[in-house]
Amino acid sequence: LPTALRLSEIVSRLGGELVGDPEVAVRRVAPLHSAGPGDLSFLAQAKYRAQLRETRAAAVVLRHEERDATGLPRILCDDPYLYFARVAQLFAPAEPVSAGVHPSAVVEAGASVPASAAVGPGAYVGPRARLGERVVVGPGCYLGADVAIGEDSRLHALVSVYAGCSVGRRAIIHSGAVIGADGFGMARDGEHWTKIPQVGRVVIGDDVEIGANTTIDRGALEDTVVEDGVKLDNQIQIGHNVRIGAHTAMAACVGVAGSARIGRYCAVGGAGMILGHLEIADHVTISAGTLVAKSILKPGTYTGIFPIAEKKEWARTAAHLRKLDKLAERVRELEKRVSELGQGNRKGKR
Amino acid sequence: LPTALRLSEIVSRLGGELVGDPEVAVRRVAPLHSAGPGDLSFLAQAKYRAQLRETRAAAVVLRHEERDATGLPRILCDDPYLYFARVAQLFAPAEPVSAGVHPSAVVEAGASVPASAAVGPGAYVGPRARLGERVVVGPGCYLGADVAIGEDSRLHALVSVYAGCSVGRRAIIHSGAVIGADGFGMARDGEHWTKIPQVGRVVIGDDVEIGANTTIDRGALEDTVVEDGVKLDNQIQIGHNVRIGAHTAMAACVGVAGSARIGRYCAVGGAGMILGHLEIADHVTISAGTLVAKSILKPGTYTGIFPIAEKKEWARTAAHLRKLDKLAERVRELEKRVSELGQGNRKGKR
Amino acid sequence: LPTALRLSEIVSRLGGELVGDPEVAVRRVAPLHSAGPGDLSFLAQAKYRAQLRETRAAAVVLRHEERDATGLPRILCDDPYLYFARVAQLFAPAEPVSAGVHPSAVVEAGASVPASAAVGPGAYVGPRARLGERVVVGPGCYLGADVAIGEDSRLHALVSVYAGCSVGRRAIIHSGAVIGADGFGMARDGEHWTKIPQVGRVVIGDDVEIGANTTIDRGALEDTVVEDGVKLDNQIQIGHNVRIGAHTAMAACVGVAGSARIGRYCAVGGAGMILGHLEIADHVTISAGTLVAKSILKPGTYTGIFPIAEKKEWARTAAHLRKLDKLAERVRELEKRVSELGQGNRKGKR
């Protein structure tokens, strides 16, 4: 169980204004509806105010303006959701890992593994790979030749990083992620395909998180680049030569095709798809399920998803959609006829 | 080669009415079009009746009503497809696995591995993990601390189960699946993102099958739950805090975003996407390729896919679609004009 | 660093017409905009001609017709992109791998591993598996019983090939790919699902490339087949019993549902989805993001993607789309009224 913290301790570490008994101790963060004694909860959106009235939490974090919304001991702050993230970090420090190379791991000649790093059972660290201080390489990971991993980064189990790729500091990479596989490059050669060797690398900045089974391909000639602070969820595919700007976040199942350039501070919803060679400006938000087939050069929120319906109704809509051309033509025809009728009437009246 | 079974043996084990020679022996199930001597085939849908007339199968399984559709030895039953599944299981018993921990596997202190379980080469079983009787952990699997796997479950090679997660009895988990990676949770902190520790678990019921490279994230504060009998195909992504009701089946490439609640006995077609925080009732079927952006509270079949066309034709439809607003306005305008013309006519006639 | 090659050597190996100093030496291929001294660049599309004028490349490959487009030393050929692919291969020969079985690998009894093959650290080669000459099995790979891998094929780290599957010659399979997991087959049994054993195999031809985390399921009764020269990018899902014709290429995130038959020389764009049991003719191109719900029996390019818009505009289009049925009815009504008005006018004029 995590150690209990008094509200006074929390406020002294994270700021905020404390109202009520400073000695109240909490051990956990929990949502309003399920919080109980010993739990700290939070009100991040006004729509949960009804839950606030009924919560059994020991204390609550809320906005300054909500000061009087509860009689519970409370911490007032500017951004309860961010505050919640920080408290949760106090309660959930990173799992301790024992430094050292497991006897079943293989570390090739010329690799540099500092004493503070941990290399798990069955992991493979290739020739001349360089791990920073306190790096954790999980069980069964594969790091190719000349890979570099920055200090305090953690690779969970079964991550692959191909030869020559580099990852910055404080990265978190989840199981099954594959960094640096060949981009999909080939030239047609009569009826066959000739492979274009992919000799670029993947270069990943600091503070990046990469989800489970996400794949980031190496560049063809130049590098695929993921800048600082980028957050990628699970099962994302990043094609070769892509550049993702700093602090951009992508939800699960997103695909970014080759040579696309995504700006900084963008957000892409789940299963969004960005086609190749496009440019996306900074501060662009793309809705879940949207396929982007043209560059987006202005900040804003973009979407394109087909509305869902009961199957019978959908079939009718789809049928009309296929005949939209004809419908437009009928409207054009009507406009002509109505205009003639109007003139006829005027003539008739004369 | 599997042992041959006589039709009489099959009927005595699985039921059904036998018509024709009970001594006919079969070794295999095969589709009507490719079946040969020694094969048992089946007629599951009326549309294959033409194939029935030409099949070279030794015997056939069909519905009671189809009794006279063939002169071959036959088994009559209520549901030939289900019967086929059961016969196929007779012919394909699970591969035998030798119990025991492979010398190259690593089992940490405090883990409990019964003598009937098998832990494959290079697998890792974390501290205090608990395997049930006859559990099979494939080569290269990773089970974190405190993981629990119920009896008779089988993990194929290279499966990851993060610390604290639990899997019920008789599960089948395919290669590359990742259970319990961190959910995608973060709070904006000025221009950066602050990670929200994901302290919930993944809790999986009995009789669940999970496909290759499928990912199921652990909950943020509470658990992600997959109930009994759920069947997940390959490359599915289940976000944090999701609950999937019992006996729901999802085809490959489906995505379910965080905190969605899917009912029981649902079916989601391939590449269906369900957005976050939605609720899907029991007995809902979602067509392949459909993105669900609103809760579905009534049973039924729902779809939303854009009809396909030859490229030139599609471009025209898409252009009209973009101008649908204008088209609707032109129709409104026409209605006004036509109504005026109608009144003009009436006036003219007076 | 790769060895430098003189232009004369390149032309003598790969053909083409050399214009300018044959002694110029290059070490690398690079795009026009970033090439420098020592680099060979190429002009594959006319739109990059401006870059040609400013490039700092040592030499350039271009079409015969572009002979006078630059004063740099140059190689003239029919297809500069294909030429570029071939030169790039000269500069990037496959990484040397030392033959032999790593002491931490496990090779089961009856497996056949020629002396020229390499089995990496922690890899597992099952009973009776057969590797061809010079096959490379990367670290942590899993090959089940009776798997066959053809000569000169390379499996990168952490690839799974289930029992009984076969891969042809010169294959490249990237990390995390899973070949031969069970297809998604089950029969409803009252309120439960009964699994249909998947007893077919995956059979893969020669010269196939398979991307990272791609999954190809084994057949239910018959085999899943991938013919010669097929190229599959990352995170593709191929369902059971599918057949993919020779030299077809699929970009990342494509899904092909069970029993679909794809022709030869097809191309499927990223995230394209092909539903089950469909037939796709030879030489069909399917655009990125397109869901194919009907068979395509004629060569051509097919698409179906919902156009993207700014969020507010999209909401309006979607609302109209949902009312398309009503709009069509209003147009029908107008046509009736206008026709009556027309007759009224004619009557009025009489």
# chains A, B, ... in the order shown; residues from 1 in each chain; ligands from 1
$ select_by_dssp --residues "segment 104-226 of chain A" --states "strand (DSSP E or B)" --output "number ranges by chain"
A: 106-107, 112, 118-119, 124-125, 130-131, 136-137, 142-143, 148-149, 154-155, 160-161, 166-167, 172-173, 178-179, 186-189, 192-195, 202-204, 209-210, 215-216, 224-226
$ closest_atom_pairs --of "chain C" --to "chain A" --cutoff "7 Å" --atoms "only C-alpha atoms" --output "tab-separated table"
residue	atom	partner	partner_atom	distance
C:Ala30	CA	A:Leu221	CA	6.2
C:Tyr81	CA	A:Ala187	CA	6.5
C:Leu82	CA	A:Ala187	CA	5.2
C:Ala85	CA	A:Ile196	CA	4.7
C:Ala88	CA	A:Pro197	CA	6.2
C:Gln89	CA	A:Pro197	CA	6.0
C:Ala92	CA	A:Pro197	CA	6.5
C:Gly122	CA	A:Gly122	CA	6.5
C:Gly140	CA	A:Gly140	CA	6.9
C:Ala157	CA	A:Tyr142	CA	6.8
C:His174	CA	A:Ala181	CA	6.5
C:Ser175	CA	A:Val178	CA	6.6
C:Gly176	CA	A:Gly176	CA	6.7
C:Ala212	CA	A:Ala181	CA	6.6
C:Asn213	CA	A:Asn213	CA	6.9
C:Gly229	CA	A:His192	CA	6.9
C:Asp233	CA	A:Phe184	CA	6.0
C:His247	CA	A:His192	CA	6.3
C:Gly289	CA	A:Leu291	CA	6.7
C:Phe306	CA	A:Gly304	CA	5.8
C:Pro307	CA	A:Gly304	CA	5.8
C:Ile308	CA	A:Gly304	CA	4.1
C:Ala309	CA	A:Tyr302	CA	5.6
C:Glu310	CA	A:Tyr302	CA	4.4
C:Lys311	CA	A:Tyr302	CA	5.0
C:Trp314	CA	A:Thr303	CA	6.6
C:Ala318	CA	A:Pro307	CA	6.4
C:Arg322	CA	A:Thr317	CA	7.0
C:Leu324	CA	A:Thr317	CA	6.3
C:Asp325	CA	A:Thr317	CA	6.3
C:Val331	CA	A:Val331	CA	6.9
C:Glu335	CA	A:Leu334	CA	6.8
C:Val338	CA	A:Val338	CA	6.9
C:Gly342	CA	A:Leu341	CA	6.8
$ select_by_dssp --residues "segment 36-108 of chain A" --states "helix (DSSP H, G or I)" --output "JSON, numbers by chain"
{"A": [46, 47, 48, 49, 50, 51, 52, 53, 54, 64, 65, 66, 80, 81, 82, 83, 84, 85, 86, 87, 88, 89, 90, 91]}
$ atom_distance --atom1 "atom CA of Arg6 of chain B" --atom2 "atom CA of Lys47 of chain B"
28.0 Å
$ decode --residues "segment 130-154 of chain B" --atoms "N, CA, C and O atoms" --output "CSV table (one decimal), in the first residue's frame"
chain,number,residue,atom,x,y,z
B,130,ARG,N,1.0,-16.1,-10.2
B,130,ARG,CA,0.4,-17.3,-9.8
B,130,ARG,C,-0.2,-18.0,-11.1
B,130,ARG,O,-1.1,-17.4,-11.7
B,131,LEU,N,0.3,-19.2,-11.4
B,131,LEU,CA,-0.2,-19.9,-12.6
B,131,LEU,C,-1.1,-21.0,-12.1
B,131,LEU,O,-0.8,-21.7,-11.1
B,132,GLY,N,-2.3,-21.2,-12.7
B,132,GLY,CA,-3.2,-22.3,-12.4
B,132,GLY,C,-2.7,-23.6,-12.9
B,132,GLY,O,-1.7,-23.7,-13.7
B,133,GLU,N,-3.4,-24.7,-12.6
B,133,GLU,CA,-3.1,-26.0,-13.1
B,133,GLU,C,-3.1,-26.0,-14.6
B,133,GLU,O,-4.0,-25.4,-15.2
B,134,ARG,N,-2.1,-26.7,-15.2
B,134,ARG,CA,-2.1,-26.9,-16.6
B,134,ARG,C,-2.0,-25.6,-17.5
B,134,ARG,O,-2.2,-25.7,-18.7
B,135,VAL,N,-1.6,-24.5,-16.9
B,135,VAL,CA,-1.4,-23.3,-17.6
B,135,VAL,C,-0.1,-23.5,-18.5
B,135,VAL,O,0.8,-24.2,-18.1
B,136,VAL,N,-0.2,-23.0,-19.8
B,136,VAL,CA,1.0,-23.0,-20.7
B,136,VAL,C,1.4,-21.6,-20.9
B,136,VAL,O,0.6,-20.8,-21.4
B,137,VAL,N,2.6,-21.3,-20.6
B,137,VAL,CA,3.2,-20.0,-20.9
B,137,VAL,C,4.2,-20.2,-22.0
B,137,VAL,O,5.2,-20.9,-21.8
B,138,GLY,N,4.0,-19.6,-23.2
B,138,GLY,CA,4.8,-19.9,-24.3
B,138,GLY,C,6.2,-19.3,-24.3
B,138,GLY,O,6.5,-18.5,-23.4
B,139,PRO,N,7.0,-19.7,-25.2
B,139,PRO,CA,8.4,-19.2,-25.3
B,139,PRO,C,8.4,-17.7,-25.3
B,139,PRO,O,7.6,-17.0,-26.0
B,140,GLY,N,9.3,-17.1,-24.6
B,140,GLY,CA,9.5,-15.6,-24.6
B,140,GLY,C,8.4,-14.8,-24.0
B,140,GLY,O,8.4,-13.6,-24.1
B,141,CYS,N,7.4,-15.4,-23.3
B,141,CYS,CA,6.4,-14.6,-22.7
B,141,CYS,C,6.9,-13.8,-21.5
B,141,CYS,O,7.9,-14.2,-20.9
B,142,TYR,N,6.2,-12.7,-21.2
B,142,TYR,CA,6.6,-11.9,-20.0
B,142,TYR,C,5.4,-11.8,-19.1
B,142,TYR,O,4.3,-11.3,-19.6
B,143,LEU,N,5.5,-12.2,-17.9
B,143,LEU,CA,4.4,-12.0,-16.9
B,143,LEU,C,5.0,-11.2,-15.8
B,143,LEU,O,5.9,-11.6,-15.1
B,144,GLY,N,4.5,-10.0,-15.6
B,144,GLY,CA,5.0,-9.1,-14.5
B,144,GLY,C,4.6,-9.6,-13.1
B,144,GLY,O,4.0,-10.7,-12.9
B,145,ALA,N,5.1,-8.8,-12.2
B,145,ALA,CA,4.8,-9.2,-10.8
B,145,ALA,C,3.3,-9.3,-10.5
B,145,ALA,O,2.5,-8.6,-11.0
B,146,ASP,N,3.0,-10.3,-9.7
B,146,ASP,CA,1.6,-10.5,-9.2
B,146,ASP,C,0.6,-10.8,-10.2
B,146,ASP,O,-0.6,-10.7,-10.0
B,147,VAL,N,1.0,-11.2,-11.4
B,147,VAL,CA,0.1,-11.6,-12.4
B,147,VAL,C,-0.6,-12.9,-12.0
B,147,VAL,O,0.1,-13.8,-11.4
B,148,ALA,N,-1.9,-13.1,-12.4
B,148,ALA,CA,-2.5,-14.4,-12.1
B,148,ALA,C,-3.1,-14.9,-13.4
B,148,ALA,O,-3.8,-14.2,-14.1
B,149,ILE,N,-2.8,-16.2,-13.7
B,149,ILE,CA,-3.4,-16.8,-14.9
B,149,ILE,C,-4.2,-18.1,-14.4
B,149,ILE,O,-3.6,-18.9,-13.7
B,150,GLY,N,-5.4,-18.2,-14.8
B,150,GLY,CA,-6.3,-19.2,-14.4
B,150,GLY,C,-6.0,-20.6,-15.1
B,150,GLY,O,-5.4,-20.6,-16.1
B,151,GLU,N,-6.5,-21.6,-14.5
B,151,GLU,CA,-6.2,-23.0,-14.9
B,151,GLU,C,-6.5,-23.2,-16.4
B,151,GLU,O,-7.5,-22.7,-16.9
B,152,ASP,N,-5.8,-24.0,-17.0
B,152,ASP,CA,-6.0,-24.5,-18.4
B,152,ASP,C,-5.9,-23.3,-19.4
B,152,ASP,O,-6.3,-23.5,-20.6
B,153,SER,N,-5.3,-22.2,-19.0
B,153,SER,CA,-5.1,-21.1,-20.0
B,153,SER,C,-3.8,-21.3,-20.7
B,153,SER,O,-2.9,-21.9,-20.2
B,154,ARG,N,-3.8,-20.8,-22.0
B,154,ARG,CA,-2.6,-21.0,-22.8
B,154,ARG,C,-2.2,-19.7,-23.4
B,154,ARG,O,-3.0,-19.0,-24.1
